[in-house]
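Content type TSV, C-alpha atoms, from the file structure.tsv:
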```tsv
chain	number	residue	atom	x	y	z
V	27	MET	CA	10.90	0.90	-20.04
V	28	LYS	CA	12.66	-1.86	-18.10
V	29	TYR	CA	15.80	-3.82	-19.06
V	30	GLY	CA	16.84	-7.26	-17.84
V	31	ALA	CA	20.39	-6.15	-17.11
V	32	ARG	CA	22.10	-5.06	-13.88
V	33	ASN	CA	24.21	-2.28	-15.37
V	34	GLN	CA	22.48	0.82	-16.65
V	35	LEU	CA	24.30	4.11	-16.98
V	36	ARG	CA	23.74	7.33	-18.88
V	37	GLY	CA	26.28	8.69	-21.31
V	38	LYS	CA	26.78	11.50	-23.81
V	39	ILE	CA	28.28	10.61	-27.18
V	40	SER	CA	31.64	12.31	-27.71
V	41	ARG	CA	32.80	10.53	-30.87
V	42	ILE	CA	31.57	8.13	-33.55
V	43	LYS	CA	34.11	6.21	-35.64
V	44	LYS	CA	32.62	4.30	-38.57
V	45	GLY	CA	34.24	1.30	-40.25
V	46	ASP	CA	33.02	-0.92	-43.04
V	47	ILE	CA	30.93	-3.32	-40.93
V	48	MET	CA	31.48	-2.23	-37.33
V	49	CYS	CA	31.64	1.15	-35.64
V	50	GLN	CA	32.85	2.44	-32.30
V	51	VAL	CA	30.95	4.95	-30.19
V	52	THR	CA	32.74	6.78	-27.37
V	53	LEU	CA	30.69	8.16	-24.47
V	54	ASP	CA	31.33	10.49	-21.58
V	55	ILE	CA	29.87	9.23	-18.32
V	56	PRO	CA	29.82	11.02	-14.95
V	57	ALA	CA	33.02	11.60	-12.94
V	58	ASP	CA	35.12	12.31	-16.06
V	59	SER	CA	35.02	8.69	-17.13
V	60	VAL	CA	34.72	7.33	-20.65
V	61	MET	CA	33.05	4.22	-22.07
V	62	ASN	CA	33.01	2.69	-25.54
V	63	SER	CA	30.49	0.58	-27.43
V	64	VAL	CA	31.09	-1.41	-30.60
V	65	MET	CA	28.13	-2.29	-32.84
V	66	THR	CA	27.36	-2.76	-36.54
V	67	VAL	CA	27.15	0.36	-38.70
V	68	GLU	CA	23.58	-0.68	-39.47
V	69	SER	CA	22.66	-0.64	-35.78
V	70	LEU	CA	24.20	2.80	-35.47
V	71	GLU	CA	22.08	4.03	-38.37
V	72	ASP	CA	18.94	2.53	-36.84
V	73	LEU	CA	19.72	4.20	-33.53
V	74	GLY	CA	20.00	7.50	-35.36
V	75	ILE	CA	22.45	8.94	-32.85
V	76	LYS	CA	25.09	11.63	-33.31
V	77	GLU	CA	27.79	13.32	-31.25
V	78	GLY	CA	26.31	15.22	-28.31
V	79	ASP	CA	23.28	12.94	-27.92
V	80	ASN	CA	22.45	11.32	-24.59
V	81	VAL	CA	21.89	7.57	-24.57
V	82	LYS	CA	21.36	4.76	-22.13
V	83	ILE	CA	24.24	2.30	-21.66
V	84	VAL	CA	23.18	-1.28	-20.86
V	85	VAL	CA	25.58	-4.10	-19.88
V	86	LYS	CA	24.63	-7.53	-18.58
V	87	ALA	CA	26.44	-8.33	-15.31
V	88	ILE	CA	27.89	-11.53	-16.75
V	89	ASN	CA	29.95	-9.43	-19.18
V	90	VAL	CA	31.66	-7.49	-16.40
V	91	LEU	CA	35.10	-8.86	-15.50
V	92	LEU	CA	36.67	-7.95	-12.16
V	93	VAL	CA	40.44	-7.80	-11.71
V	94	ARG	CA	42.37	-7.40	-8.47
V	95	GLU	CA	45.63	-5.68	-9.30
M	15	MET	CA	49.27	-4.15	-16.67
M	16	LYS	CA	47.37	-3.58	-19.90
M	17	TYR	CA	43.97	-4.99	-20.91
M	18	GLY	CA	42.65	-5.41	-24.44
M	19	ALA	CA	39.31	-3.84	-23.57
M	20	ARG	CA	37.98	-0.32	-24.08
M	21	ASN	CA	36.09	-0.03	-20.77
M	22	GLN	CA	38.11	0.12	-17.57
M	23	LEU	CA	36.66	1.61	-14.42
M	24	ARG	CA	37.46	1.43	-10.73
M	25	GLY	CA	34.91	0.25	-8.20
M	26	LYS	CA	34.57	-0.53	-4.50
M	27	ILE	CA	32.76	-3.71	-3.53
M	28	SER	CA	29.60	-2.99	-1.56
M	29	ARG	CA	28.02	-6.44	-1.50
M	30	ILE	CA	28.77	-10.07	-2.38
M	31	LYS	CA	25.88	-12.50	-2.88
M	32	LYS	CA	26.94	-16.14	-3.22
M	33	GLY	CA	24.84	-18.83	-4.89
M	34	ASP	CA	25.59	-22.47	-5.57
M	35	ILE	CA	27.54	-22.01	-8.81
M	36	MET	CA	27.37	-18.30	-9.58
M	37	CYS	CA	27.74	-15.20	-7.44
M	38	GLN	CA	26.92	-11.54	-7.86
M	39	VAL	CA	29.26	-8.72	-6.83
M	40	THR	CA	27.88	-5.18	-6.47
M	41	LEU	CA	30.26	-2.24	-6.83
M	42	ASP	CA	30.10	1.46	-6.13
M	43	ILE	CA	31.63	3.51	-8.91
M	44	PRO	CA	32.14	7.31	-8.95
M	45	ALA	CA	29.19	9.71	-9.20
M	46	ASP	CA	26.94	7.58	-6.95
M	47	SER	CA	26.54	4.92	-9.61
M	48	VAL	CA	26.43	1.17	-9.12
M	49	MET	CA	27.63	-1.73	-11.26
M	50	ASN	CA	27.26	-5.50	-10.92
M	51	SER	CA	29.39	-8.44	-12.01
M	52	VAL	CA	28.33	-12.09	-12.16
M	53	MET	CA	30.99	-14.81	-12.07
M	54	THR	CA	31.44	-18.34	-10.73
M	55	VAL	CA	31.87	-18.77	-6.98
M	56	GLU	CA	35.24	-20.36	-7.75
M	57	SER	CA	36.40	-17.24	-9.57
M	58	LEU	CA	35.32	-15.15	-6.61
M	59	GLU	CA	37.36	-17.33	-4.28
M	60	ASP	CA	40.39	-17.08	-6.55
M	61	LEU	CA	40.03	-13.31	-6.63
M	62	GLY	CA	40.02	-13.31	-2.84
M	63	ILE	CA	37.95	-10.14	-2.65
M	64	LYS	CA	35.62	-8.95	0.11
M	65	GLU	CA	33.29	-6.04	0.76
M	66	GLY	CA	35.18	-2.75	0.90
M	67	ASP	CA	37.93	-3.84	-1.49
M	68	ASN	CA	38.78	-1.81	-4.58
M	69	VAL	CA	38.90	-3.64	-7.90
M	70	LYS	CA	39.27	-2.92	-11.57
M	71	ILE	CA	36.16	-3.33	-13.74
M	72	VAL	CA	36.85	-4.46	-17.32
M	73	VAL	CA	34.21	-4.68	-20.09
M	74	LYS	CA	34.85	-5.27	-23.78
M	75	ALA	CA	33.18	-2.60	-25.93
M	76	ILE	CA	31.27	-5.20	-27.91
M	77	ASN	CA	29.30	-6.08	-24.76
M	78	VAL	CA	28.03	-2.52	-24.31
M	79	LEU	CA	24.52	-1.98	-25.70
M	80	LEU	CA	23.31	1.54	-26.42
M	81	VAL	CA	19.62	2.45	-26.23
M	82	ARG	CA	17.98	5.70	-27.32
M	83	GLU	CA	14.89	6.19	-25.18
H	24	MET	CA	47.16	-10.02	-10.35
H	25	LYS	CA	43.91	-11.97	-10.12
H	26	TYR	CA	41.12	-12.23	-12.73
H	27	GLY	CA	37.49	-13.11	-12.11
H	28	ALA	CA	37.42	-15.62	-14.97
H	29	ARG	CA	37.79	-19.40	-15.04
H	30	ASN	CA	39.84	-19.63	-18.21
H	31	GLN	CA	43.38	-18.30	-18.18
H	32	LEU	CA	45.93	-19.49	-20.68
H	33	ARG	CA	49.27	-18.20	-21.97
H	34	GLY	CA	49.86	-17.54	-25.66
H	35	LYS	CA	52.47	-16.15	-28.00
H	36	ILE	CA	51.33	-13.77	-30.71
H	37	SER	CA	51.91	-15.20	-34.18
H	38	ARG	CA	49.99	-12.67	-36.29
H	39	ILE	CA	48.21	-9.31	-36.01
H	40	LYS	CA	45.67	-8.33	-38.67
H	41	LYS	CA	44.46	-4.73	-38.43
H	42	GLY	CA	41.18	-3.49	-39.89
H	43	ASP	CA	39.55	-0.08	-39.73
H	44	ILE	CA	37.85	-0.47	-36.33
H	45	MET	CA	38.55	-4.04	-35.25
H	46	CYS	CA	41.65	-6.21	-35.38
H	47	GLN	CA	42.35	-9.90	-35.03
H	48	VAL	CA	45.23	-11.33	-33.02
H	49	THR	CA	46.30	-14.95	-33.56
H	50	LEU	CA	48.11	-16.76	-30.76
H	51	ASP	CA	50.02	-20.01	-30.41
H	52	ILE	CA	49.13	-21.90	-27.26
H	53	PRO	CA	50.73	-25.14	-25.99
H	54	ALA	CA	50.21	-28.48	-27.79
H	55	ASP	CA	50.34	-26.89	-31.26
H	56	SER	CA	46.97	-25.22	-30.81
H	57	VAL	CA	45.92	-21.78	-31.97
H	58	MET	CA	43.55	-19.20	-30.53
H	59	ASN	CA	42.26	-15.88	-31.85
H	60	SER	CA	41.12	-12.67	-30.17
H	61	VAL	CA	39.17	-9.84	-31.76
H	62	MET	CA	39.34	-6.35	-30.21
H	63	THR	CA	39.29	-2.72	-31.32
H	64	VAL	CA	42.41	-1.35	-32.99
H	65	GLU	CA	42.56	1.19	-30.15
H	66	SER	CA	42.72	-1.59	-27.56
H	67	LEU	CA	45.51	-3.21	-29.53
H	68	GLU	CA	47.47	0.04	-29.54
H	69	ASP	CA	46.95	0.48	-25.79
H	70	LEU	CA	48.15	-3.08	-25.22
H	71	GLY	CA	51.28	-2.23	-27.18
H	72	ILE	CA	51.79	-5.82	-28.30
H	73	LYS	CA	53.53	-7.17	-31.39
H	74	GLU	CA	54.22	-10.53	-33.01
H	75	GLY	CA	56.35	-12.76	-30.79
H	76	ASP	CA	55.11	-11.25	-27.51
H	77	ASN	CA	53.68	-13.44	-24.76
H	78	VAL	CA	50.29	-12.47	-23.35
H	79	LYS	CA	47.68	-13.80	-21.00
H	80	ILE	CA	44.44	-15.08	-22.54
H	81	VAL	CA	41.34	-14.60	-20.36
H	82	VAL	CA	37.88	-16.03	-21.17
H	83	LYS	CA	34.86	-16.07	-18.86
H	84	ALA	CA	33.41	-19.59	-18.55
H	85	ILE	CA	29.99	-18.40	-19.66
H	86	ASN	CA	31.44	-17.65	-23.12
H	87	VAL	CA	32.62	-21.22	-23.63
H	88	LEU	CA	30.22	-23.35	-25.68
H	89	LEU	CA	30.45	-27.13	-25.55
H	90	VAL	CA	29.41	-29.30	-28.48
H	91	ARG	CA	29.04	-33.08	-28.56
H	92	GLU	CA	29.72	-34.20	-32.11
P	16	MET	CA	30.32	-29.82	-39.18
P	17	LYS	CA	31.59	-26.25	-39.38
P	18	TYR	CA	31.37	-23.53	-36.71
P	19	GLY	CA	31.51	-19.78	-37.26
P	20	ALA	CA	34.03	-19.27	-34.46
P	21	ARG	CA	37.81	-18.87	-34.48
P	22	ASN	CA	38.51	-20.92	-31.35
P	23	GLN	CA	37.90	-24.64	-31.46
P	24	LEU	CA	39.64	-26.98	-29.05
P	25	ARG	CA	39.05	-30.52	-27.81
P	26	GLY	CA	38.61	-31.31	-24.13
P	27	LYS	CA	37.81	-34.20	-21.82
P	28	ILE	CA	35.33	-33.58	-19.03
P	29	SER	CA	36.92	-33.95	-15.60
P	30	ARG	CA	34.13	-32.61	-13.40
P	31	ILE	CA	30.49	-31.51	-13.57
P	32	LYS	CA	29.10	-29.27	-10.81
P	33	LYS	CA	25.33	-28.78	-10.96
P	34	GLY	CA	23.48	-25.85	-9.39
P	35	ASP	CA	19.82	-24.92	-9.45
P	36	ILE	CA	19.80	-23.09	-12.81
P	37	MET	CA	23.41	-23.06	-13.97
P	38	CYS	CA	26.14	-25.68	-13.96
P	39	GLN	CA	29.90	-25.64	-14.40
P	40	VAL	CA	31.80	-28.14	-16.53
P	41	THR	CA	35.57	-28.49	-16.09
P	42	LEU	CA	37.63	-29.84	-18.97
P	43	ASP	CA	41.18	-31.07	-19.43
P	44	ILE	CA	42.78	-29.77	-22.59
P	45	PRO	CA	46.23	-30.68	-23.98
P	46	ALA	CA	49.42	-29.57	-22.24
P	47	ASP	CA	48.01	-30.05	-18.73
P	48	SER	CA	45.71	-27.07	-19.07
P	49	VAL	CA	42.16	-26.74	-17.81
P	50	MET	CA	39.12	-24.90	-19.14
P	51	ASN	CA	35.65	-24.30	-17.73
P	52	SER	CA	32.25	-23.79	-19.31
P	53	VAL	CA	29.12	-22.46	-17.59
P	54	MET	CA	25.70	-23.27	-19.07
P	55	THR	CA	22.16	-23.96	-17.89
P	56	VAL	CA	21.45	-27.33	-16.27
P	57	GLU	CA	18.93	-27.90	-19.05
P	58	SER	CA	21.61	-27.47	-21.71
P	59	LEU	CA	23.80	-29.93	-19.85
P	60	GLU	CA	21.00	-32.47	-19.83
P	61	ASP	CA	20.39	-31.97	-23.55
P	62	LEU	CA	24.08	-32.44	-24.23
P	63	GLY	CA	23.91	-35.72	-22.33
P	64	ILE	CA	27.56	-35.53	-21.29
P	65	LYS	CA	29.30	-37.06	-18.27
P	66	GLU	CA	32.77	-37.10	-16.74
P	67	GLY	CA	35.30	-38.71	-19.06
P	68	ASP	CA	33.50	-37.72	-22.27
P	69	ASN	CA	35.30	-35.83	-25.03
P	70	VAL	CA	33.67	-32.67	-26.33
P	71	LYS	CA	34.40	-29.81	-28.65
P	72	ILE	CA	35.06	-26.41	-27.05
P	73	VAL	CA	33.93	-23.42	-29.15
P	74	VAL	CA	34.67	-19.76	-28.27
P	75	LYS	CA	34.06	-16.75	-30.50
P	76	ALA	CA	37.21	-14.64	-30.86
P	77	ILE	CA	35.41	-11.52	-29.63
P	78	ASN	CA	35.06	-13.16	-26.20
P	79	VAL	CA	38.79	-13.63	-25.81
P	80	LEU	CA	40.46	-10.90	-23.73
P	81	LEU	CA	44.21	-10.39	-23.95
P	82	VAL	CA	46.20	-9.01	-21.04
P	83	ARG	CA	49.84	-7.91	-21.02
P	84	GLU	CA	51.17	-8.41	-17.51
N	28	MET	CA	25.16	-33.19	-32.82
N	29	LYS	CA	24.29	-31.50	-29.53
N	30	TYR	CA	25.03	-27.90	-28.45
N	31	GLY	CA	25.27	-26.58	-24.90
N	32	ALA	CA	23.05	-23.60	-25.65
N	33	ARG	CA	19.35	-23.00	-25.05
N	34	ASN	CA	18.63	-21.14	-28.29
N	35	GLN	CA	18.79	-23.07	-31.54
N	36	LEU	CA	16.96	-21.87	-34.63
N	37	ARG	CA	17.21	-22.56	-38.34
N	38	GLY	CA	17.80	-19.78	-40.84
N	39	LYS	CA	18.41	-19.22	-44.54
N	40	ILE	CA	21.15	-16.80	-45.53
N	41	SER	CA	19.77	-13.80	-47.40
N	42	ARG	CA	22.84	-11.56	-47.48
N	43	ILE	CA	26.57	-11.60	-46.71
N	44	LYS	CA	28.40	-8.31	-46.17
N	45	LYS	CA	32.18	-8.63	-45.95
N	46	GLY	CA	34.45	-6.09	-44.28
N	47	ASP	CA	38.18	-6.14	-43.69
N	48	ILE	CA	38.21	-8.19	-40.47
N	49	MET	CA	34.55	-8.77	-39.63
N	50	CYS	CA	31.52	-9.69	-41.73
N	51	GLN	CA	27.79	-9.61	-41.21
N	52	VAL	CA	25.46	-12.43	-42.25
N	53	THR	CA	21.71	-11.77	-42.49
N	54	LEU	CA	19.31	-14.70	-42.14
N	55	ASP	CA	15.63	-15.26	-42.75
N	56	ILE	CA	13.97	-17.21	-39.96
N	57	PRO	CA	10.35	-18.44	-39.81
N	58	ALA	CA	7.43	-16.02	-39.48
N	59	ASP	CA	9.03	-13.39	-41.72
N	60	SER	CA	11.64	-12.52	-39.12
N	61	VAL	CA	15.28	-11.68	-39.69
N	62	MET	CA	18.40	-12.31	-37.65
N	63	ASN	CA	22.01	-11.20	-38.04
N	64	SER	CA	25.34	-12.73	-37.07
N	65	VAL	CA	28.70	-10.97	-36.96
N	66	MET	CA	31.89	-13.06	-37.19
N	67	THR	CA	35.41	-12.77	-38.60
N	68	VAL	CA	35.82	-13.04	-42.37
N	69	GLU	CA	38.06	-16.04	-41.71
N	70	SER	CA	35.27	-17.83	-39.86
N	71	LEU	CA	32.93	-17.11	-42.74
N	72	GLU	CA	35.42	-18.63	-45.17
N	73	ASP	CA	35.82	-21.72	-42.99
N	74	LEU	CA	32.05	-22.11	-42.80
N	75	GLY	CA	31.98	-22.02	-46.59
N	76	ILE	CA	28.45	-20.60	-46.68
N	77	LYS	CA	26.77	-18.48	-49.34
N	78	GLU	CA	23.43	-16.76	-49.88
N	79	GLY	CA	20.58	-19.26	-49.99
N	80	ASP	CA	22.24	-21.80	-47.69
N	81	ASN	CA	20.49	-23.10	-44.59
N	82	VAL	CA	22.39	-22.93	-41.32
N	83	LYS	CA	21.84	-23.50	-37.64
N	84	ILE	CA	21.70	-20.41	-35.40
N	85	VAL	CA	23.03	-20.94	-31.86
N	86	VAL	CA	22.79	-18.37	-29.04
N	87	LYS	CA	23.59	-18.94	-25.37
N	88	ALA	CA	20.70	-17.89	-23.13
N	89	ILE	CA	22.94	-15.54	-21.15
N	90	ASN	CA	23.33	-13.37	-24.26
N	91	VAL	CA	19.59	-12.81	-24.61
N	92	LEU	CA	18.41	-9.50	-23.12
N	93	LEU	CA	14.73	-9.01	-22.30
N	94	VAL	CA	13.12	-5.57	-22.36
N	95	ARG	CA	9.65	-4.62	-21.15
N	96	GLU	CA	8.52	-1.66	-23.21
S	8	MET	CA	12.78	3.37	-28.35
S	9	LYS	CA	15.79	2.26	-30.40
S	10	TYR	CA	18.33	-0.46	-29.56
S	11	GLY	CA	21.88	-0.76	-30.88
S	12	ALA	CA	21.47	-4.45	-31.69
S	13	ARG	CA	20.66	-6.27	-34.94
S	14	ASN	CA	18.37	-8.92	-33.44
S	15	GLN	CA	15.02	-7.83	-32.05
S	16	LEU	CA	12.17	-10.28	-31.70
S	17	ARG	CA	8.94	-10.40	-29.72
S	18	GLY	CA	8.16	-13.23	-27.32
S	19	LYS	CA	5.58	-14.30	-24.78
S	20	ILE	CA	6.82	-15.68	-21.48
S	21	SER	CA	5.83	-19.32	-20.99
S	22	ARG	CA	7.88	-20.17	-17.90
S	23	ILE	CA	10.07	-18.55	-15.24
S	24	LYS	CA	12.51	-20.70	-13.27
S	25	LYS	CA	14.15	-18.92	-10.33
S	26	GLY	CA	17.43	-19.99	-8.76
S	27	ASP	CA	19.46	-18.41	-5.98
S	28	ILE	CA	21.35	-15.84	-8.10
S	29	MET	CA	20.30	-16.52	-11.67
S	30	CYS	CA	16.97	-17.29	-13.30
S	31	GLN	CA	15.87	-18.67	-16.65
S	32	VAL	CA	12.98	-17.24	-18.66
S	33	THR	CA	11.46	-19.31	-21.48
S	34	LEU	CA	9.65	-17.51	-24.30
S	35	ASP	CA	7.40	-18.53	-27.15
S	36	ILE	CA	8.27	-16.78	-30.39
S	37	PRO	CA	6.40	-17.03	-33.72
S	38	ALA	CA	6.40	-20.24	-35.78
S	39	ASP	CA	6.22	-22.50	-32.71
S	40	SER	CA	9.77	-21.72	-31.73
S	41	VAL	CA	11.14	-21.22	-28.23
S	42	MET	CA	13.89	-19.01	-26.84
S	43	ASN	CA	15.48	-18.74	-23.40
S	44	SER	CA	17.10	-15.89	-21.49
S	45	VAL	CA	19.25	-16.16	-18.38
S	46	MET	CA	19.60	-13.13	-16.08
S	47	THR	CA	20.01	-12.37	-12.37
S	48	VAL	CA	16.95	-12.81	-10.15
S	49	GLU	CA	17.31	-9.12	-9.31
S	50	SER	CA	17.00	-8.15	-12.97
S	51	LEU	CA	13.91	-10.33	-13.24
S	52	GLU	CA	12.36	-8.54	-10.28
S	53	ASP	CA	13.18	-5.14	-11.75
S	54	LEU	CA	11.61	-6.18	-15.05
S	55	GLY	CA	8.47	-7.11	-13.13
S	56	ILE	CA	7.47	-9.75	-15.69
S	57	LYS	CA	5.36	-12.87	-15.23
S	58	GLU	CA	4.18	-15.81	-17.34
S	59	GLY	CA	1.95	-14.68	-20.19
S	60	ASP	CA	3.59	-11.25	-20.56
S	61	ASN	CA	4.93	-10.05	-23.90
S	62	VAL	CA	8.50	-8.76	-23.99
S	63	LYS	CA	11.09	-7.64	-26.47
S	64	ILE	CA	14.05	-9.98	-27.06
S	65	VAL	CA	17.33	-8.22	-27.91
S	66	VAL	CA	20.54	-10.00	-29.00
S	67	LYS	CA	23.68	-8.37	-30.37
S	68	ALA	CA	24.73	-9.93	-33.69
S	69	ILE	CA	28.18	-10.75	-32.35
S	70	ASN	CA	26.59	-13.23	-29.93
S	71	VAL	CA	24.96	-15.23	-32.72
S	72	LEU	CA	26.96	-18.32	-33.74
S	73	LEU	CA	26.28	-19.98	-37.09
S	74	VAL	CA	26.86	-23.69	-37.63
S	75	ARG	CA	26.75	-25.60	-40.91
S	76	GLU	CA	25.72	-29.16	-40.13
```
Rewrite the structure of this file - the entire thing - as structure tokens.
Amino acid sequence: MKYGARNQLRGKISRIKKGDIMCQVTLDIPADSVMNSVMTVESLEDLGIKEGDNVKIVVKAINVLLVRE
Amino acid sequence: MKYGARNQLRGKISRIKKGDIMCQVTLDIPADSVMNSVMTVESLEDLGIKEGDNVKIVVKAINVLLVRE
Amino acid sequence: MKYGARNQLRGKISRIKKGDIMCQVTLDIPADSVMNSVMTVESLEDLGIKEGDNVKIVVKAINVLLVRE
Amino acid sequence: MKYGARNQLRGKISRIKKGDIMCQVTLDIPADSVMNSVMTVESLEDLGIKEGDNVKIVVKAINVLLVRE
Amino acid sequence: MKYGARNQLRGKISRIKKGDIMCQVTLDIPADSVMNSVMTVESLEDLGIKEGDNVKIVVKAINVLLVRE
Amino acid sequence: MKYGARNQLRGKISRIKKGDIMCQVTLDIPADSVMNSVMTVESLEDLGIKEGDNVKIVVKAINVLLVRE
């Protein structure tokens, strides 16, 4: 399996919050960090994931914003 | 400083690759992971960043795709 | 503070509409124009913004679509 | 003509910078502000736009990031 | 009418699912395929579309992820 | 293999155009339609795809803009 995206991490689902159309999935990634993904509830159901599951996290590089504080 | 985005990490720039319009910035993040950001060369110049600098990495949750392999 | 994005405007929040997962923030920008941002309700709460507040609006150039009518 | 996007502005093209695959279009918008759009060179050629032309600027609200400085 | 985006298809709306802030529109495209668009409910109302209507589907090439399975 | 995205099509690569940082991949999809994906050259190389190969096309629903002409 190969993805055309520069950012590929692994995460473990810590929480799933379902809304009417969209849902928010919170993931633990290494080094005590946290990431979040928002998708449709239908995509969540197709994925068939639940808290505790391990998933791949894919982000295209163009969607990564850098800030110098 | 507060950002309206669910994903905020810290990274250290390990490489900058400049093209004609776009450029690609590679970052080391904790736990031996790597991320990449693509932006315009003009944005890079405005940021004024170079290899070795620490920056904030911001990604809106909607741009995070989950995959179950 | 420097952002790796070509579009940076200033806006004043005129309305906040909260849903279950997502929310919509409407902003007045100069020249009687209006912009809107959609984010998670959690991001809104972290931002700690309310109607009347001034915020920075950041959009990566790749997300700007041009149309010739 | 109706677009399914919350952000619709009008701009006048002040500069076009062409690269090998991507190009960058700079636009003047009201109140002495500037915006930029990045697209493929092929999309630019299909648009058939040049400096001085007026175009519509369309941005989905989800791609608008708010920052409180 | 010209759009600065490489992906332009035609679809017929088969279902509209409205939430509090966001809504999901399902479209039939040729060859028995289906696509979905998520937008704000306000954008849907501005579009003034209903099931059975034909619309244009526009996607910037940068938002298209390729996967080799 | 399951993806958290509402749009999943199959395409056959008809052309690859490489630039310095970014590249553009053109795909034939059913019903004589064409789609395009833009990614980094490095992602293309990781994918290891060439003209004639079949790939999966994944697009999150939020990145699909509808227009009523």
Chain P contacts to chain M at 10 Å (all atoms listed in the file) as a ChimeraX atom specification: /P:32-39,53,77-84
Enclose the full set of atoms of range 57-75 of chain S listed in the file within a box whose edges lie along x, y and z, apply 8 Å of padding to each of the six sides, and report centre and edge lengths in Å to one decimal as JSON.
```
{"center_x": 15.1, "center_y": -16.6, "center_z": -28.1, "size_x": 42.2, "size_y": 34.0, "size_z": 41.7}
```
Determine, counting only C-alpha atoms, which protein, DNA and RNA residues have an atom within 12 Å of an atom of range 35-42 of chain N; residues of the same chain fewer than 6 positions away are not included. Present the result as a PyMOL selection string. (chain P and resi 58) or (chain N and resi 29+50-64+76-88) or (chain S and resi 36-43+71-76)
Output chain N as a short mmCIF file (atom, residue, chain, number, x, y, z; two decimals) with C-alpha atoms, in the frame of the given file, after least-squares fitting it to chain M on all in-order C-alpha pairs.
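Result saved to result-v2.cif:
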```cif
data_model
loop_
_atom_site.label_atom_id
_atom_site.label_comp_id
_atom_site.auth_asym_id
_atom_site.auth_seq_id
_atom_site.Cartn_x
_atom_site.Cartn_y
_atom_site.Cartn_z
CA MET N 28 49.30 -4.17 -16.67
CA LYS N 29 47.39 -3.58 -19.90
CA TYR N 30 43.98 -4.98 -20.92
CA GLY N 31 42.64 -5.40 -24.45
CA ALA N 32 39.31 -3.83 -23.58
CA ARG N 33 37.98 -0.30 -24.07
CA ASN N 34 36.10 -0.03 -20.78
CA GLN N 35 38.10 0.12 -17.57
CA LEU N 36 36.65 1.62 -14.42
CA ARG N 37 37.47 1.43 -10.73
CA GLY N 38 34.92 0.25 -8.19
CA LYS N 39 34.58 -0.53 -4.49
CA ILE N 40 32.77 -3.71 -3.52
CA SER N 41 29.61 -2.99 -1.56
CA ARG N 42 28.01 -6.44 -1.51
CA ILE N 43 28.76 -10.07 -2.37
CA LYS N 44 25.88 -12.50 -2.89
CA LYS N 45 26.93 -16.14 -3.21
CA GLY N 46 24.84 -18.82 -4.89
CA ASP N 47 25.60 -22.46 -5.57
CA ILE N 48 27.54 -22.02 -8.84
CA MET N 49 27.37 -18.30 -9.59
CA CYS N 50 27.73 -15.19 -7.44
CA GLN N 51 26.91 -11.54 -7.86
CA VAL N 52 29.25 -8.73 -6.82
CA THR N 53 27.87 -5.18 -6.47
CA LEU N 54 30.27 -2.25 -6.82
CA ASP N 55 30.11 1.46 -6.13
CA ILE N 56 31.63 3.52 -8.92
CA PRO N 57 32.12 7.32 -9.00
CA ALA N 58 29.17 9.71 -9.20
CA ASP N 59 26.96 7.58 -6.95
CA SER N 60 26.55 4.91 -9.60
CA VAL N 61 26.46 1.16 -9.10
CA MET N 62 27.63 -1.73 -11.24
CA ASN N 63 27.26 -5.50 -10.91
CA SER N 64 29.39 -8.44 -12.00
CA VAL N 65 28.31 -12.08 -12.16
CA MET N 66 30.99 -14.80 -12.05
CA THR N 67 31.43 -18.34 -10.73
CA VAL N 68 31.87 -18.77 -6.98
CA GLU N 69 35.23 -20.36 -7.75
CA SER N 70 36.40 -17.23 -9.57
CA LEU N 71 35.31 -15.14 -6.62
CA GLU N 72 37.34 -17.34 -4.28
CA ASP N 73 40.40 -17.08 -6.54
CA LEU N 74 40.04 -13.30 -6.64
CA GLY N 75 40.03 -13.33 -2.85
CA ILE N 76 37.95 -10.15 -2.64
CA LYS N 77 35.61 -8.97 0.11
CA GLU N 78 33.29 -6.05 0.77
CA GLY N 79 35.18 -2.76 0.90
CA ASP N 80 37.94 -3.85 -1.49
CA ASN N 81 38.79 -1.81 -4.58
CA VAL N 82 38.92 -3.64 -7.89
CA LYS N 83 39.27 -2.91 -11.56
CA ILE N 84 36.16 -3.33 -13.74
CA VAL N 85 36.85 -4.46 -17.32
CA VAL N 86 34.21 -4.67 -20.08
CA LYS N 87 34.84 -5.26 -23.78
CA ALA N 88 33.19 -2.59 -25.92
CA ILE N 89 31.27 -5.21 -27.91
CA ASN N 90 29.30 -6.08 -24.77
CA VAL N 91 28.03 -2.53 -24.31
CA LEU N 92 24.51 -1.99 -25.70
CA LEU N 93 23.29 1.54 -26.42
CA VAL N 94 19.61 2.44 -26.24
CA ARG N 95 17.97 5.68 -27.35
CA GLU N 96 14.90 6.17 -25.20
#
```
To one decimal place, how far is CA of Asn33 in chain V from CA of Arg33 in chain N in Å? 23.4 Å
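Take CA of Glu57 in chain P and CA of Val48 in chain S: the distance between them is 17.6 Å.
One distance worth recording is that between CA of Gly71 in chain H and CA of Ile42 in chain V, which is 23.2 Å.
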